[in-house]
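Down below is the structure, laid out as structure tokens.
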Amino acid sequence: SRLGAGGRSGSSNDRAMRWPSLLGVALATTGSAQSPADCAVTVAGAFNSIVYVGYDITQAVSDCSLPGLSEKACASDLSDMIAYIFYLGSSISGATLACGSLDNMCAATVTEAFAFLMDGTTAVIAAVSDCVTDAGEPAFICVYDIATVIREFNRFLTRIIQAFELCNMKSRAPGPWDLWMFYGPF
């Protein structure tokens with residue numbers, strides 16, 4: 001189960017392991033196309049995401065089946081799995097620039113935005129477990145979960161705003177040279 005002590009989903013090490021995906025997208029946006037180092041980091045991020053998708057599927061099989069069905073742990077496993085699928089898509093989209101010359105940063109930014117949205121969803125699931133107290137005051141872990149929800153939704157909105165710039169390329173009318181290259185000599 002991913003919901004450990006206090007109902008927290010994941011661990012600091014688990015969340016820190018997402019750095020190859022995020023770093024790969026960040027490096028790819030610097031315009032350093034076909035950099036072997038950037039390519040390696042981005043491919044490592046994709047591989048990391050595949051491993052965590054497999055891990056989350058394994059956890060979901062355990063948490064989402066009878067007789068030990070745990071609804072919160074099951075929901076956490078599934079939302080985390082979906083987040084890693086989005087991180088995988090972001091890494092692959094970023095790799096097209098870091099390892100080649102195809103700029104798919106629009107797709108990388110949008111898929112990363114949805115990964116952040118799913119991370120926020122996972123934090124909401126953790127908060128549901130952690131914010132139930134008998135003393136009447138929220139525990140520190142509850143406040144931490146709520147802060148994580150706010151941070152992840154803020155990251156989601158930031159990436160969506162960035163996507164408006166990356167995805168709205170101005171079209172231009174073809175010039176005479178473009179027409180000659182397309183149609184050939186008359």
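Every chain in the structure tokens has a letter given in the order shown (A, B, ...), and although residue numbers restart at 1 in each chain, ligands are simply numbered from 1 in the order shown.
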message: I'd like the contact shell of Ser62 (chain A) - 10 Å cut-off, only C-alpha atoms, skipping same-chain residues fewer than 4 positions apart - returned as a VMD selection string.
response: chain A and resid 1 56 to 58 66 to 70 73 to 74 77
task: Would you kindly return, as a list in words, each protein, DNA or RNA residue with an atom no farther than 9 Å from any atom of Ser35 (chain A), considering only C-alpha atoms and excluding same-chain residues fewer than 5 positions away?
output: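 That gives Ala28, Ala40, Leu97, Ala98, Cys99 and Gly100 of chain A.
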With C-alpha atoms kept, could you save the residues just selected as a CSV table (one decimal), in the first residue's frame?
chain,number,residue,atom,x,y,z
A,28,ALA,CA,15.0,20.4,-23.6
A,40,ALA,CA,20.4,10.7,-21.5
A,97,LEU,CA,14.1,17.7,-29.0
A,98,ALA,CA,16.8,16.6,-26.6
A,99,CYS,CA,17.7,13.5,-28.7
A,100,GLY,CA,16.7,14.8,-32.1
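Shortest atom-to-atom contact with Ser91 (chain A) among A:Asp38, A:Glu71, A:Asp145, A:Asp130: A:Asp38, counting only C-alpha atoms.
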Contacts of Gly54 (chain A) within 12 Å, only C-alpha atoms, excl. fewer than 3 positions in-chain, as a VMD selection string: chain A and resid 47 to 51 57 to 61 77 to 78 80 to 82 84 to 85
field: For CA of Val43 (chain A) and CA of Ile92 (chain A), the interatomic separation in Å (one decimal)
entry: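 One can read the CA of Val43 (chain A) to CA of Ile92 (chain A) distance as 7.5 Å.
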- request: Write out as a PyMOL selection string each polymer residue whose atoms come within 9 Å of Gly120 (chain A), counting only C-alpha atoms; drop sequence neighbours fewer than 3 positions from it.
  value: chain A and resi 115-117+123-125+148-153+156
Could you please take those selected residues and save C-alpha atoms as a PDB file, in the first residue's frame?
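As written to disk, part.pdb reads:
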ATOM      1  CA  ALA A 115       0.981  14.930 -14.322  1.00  0.00           C
ATOM      2  CA  PHE A 116       0.975  17.801 -11.809  1.00  0.00           C
ATOM      3  CA  LEU A 117      -2.826  17.684 -11.728  1.00  0.00           C
ATOM      4  CA  ALA A 123      -2.314  14.660  -2.366  1.00  0.00           C
ATOM      5  CA  VAL A 124      -6.080  15.192  -1.970  1.00  0.00           C
ATOM      6  CA  ILE A 125      -6.467  11.440  -1.386  1.00  0.00           C
ATOM      7  CA  THR A 148       0.979  19.986  -1.387  1.00  0.00           C
ATOM      8  CA  VAL A 149      -2.450  20.125  -3.059  1.00  0.00           C
ATOM      9  CA  ILE A 150      -2.125  23.885  -3.494  1.00  0.00           C
ATOM     10  CA  ARG A 151       1.439  23.573  -4.818  1.00  0.00           C
ATOM     11  CA  GLU A 152       0.556  20.867  -7.361  1.00  0.00           C
ATOM     12  CA  PHE A 153      -2.520  22.691  -8.652  1.00  0.00           C
ATOM     13  CA  PHE A 156      -0.641  22.595 -13.146  1.00  0.00           C
TER      14      PHE A 156
END
- prompt: Pick the closest to Cys131 (chain A) from A:Ala75, A:Ile161, A:Ile146, A:Cys39: which is it, counting only C-alpha atoms?
  reply: A:Ile146
query: Quick one: distance from CA of Ala107 (chain A) to CA of Asp119 (chain A) in Å, one decimal?
result: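 Value for the CA of Ala107 (chain A)-CA of Asp119 (chain A) distance: 18.3 Å.
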- prompt: So, counting only C-alpha atoms, which residue among A:Ala95, A:Thr111, A:Leu102, A:Lys72 is closest to Val128 (chain A)?
  reply: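 Between A:Ala95, A:Thr111, A:Leu102, A:Lys72, the residue approaching Val128 (chain A) most closely is A:Lys72.
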- prompt: Which is closest to Tyr52 (chain A) among A:Ser65, A:Ser129, A:Ala83, A:Leu157, if we use only C-alpha atoms?
  reply: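 Residue with the minimum atom-to-atom distance to Tyr52 (chain A): A:Ala83.
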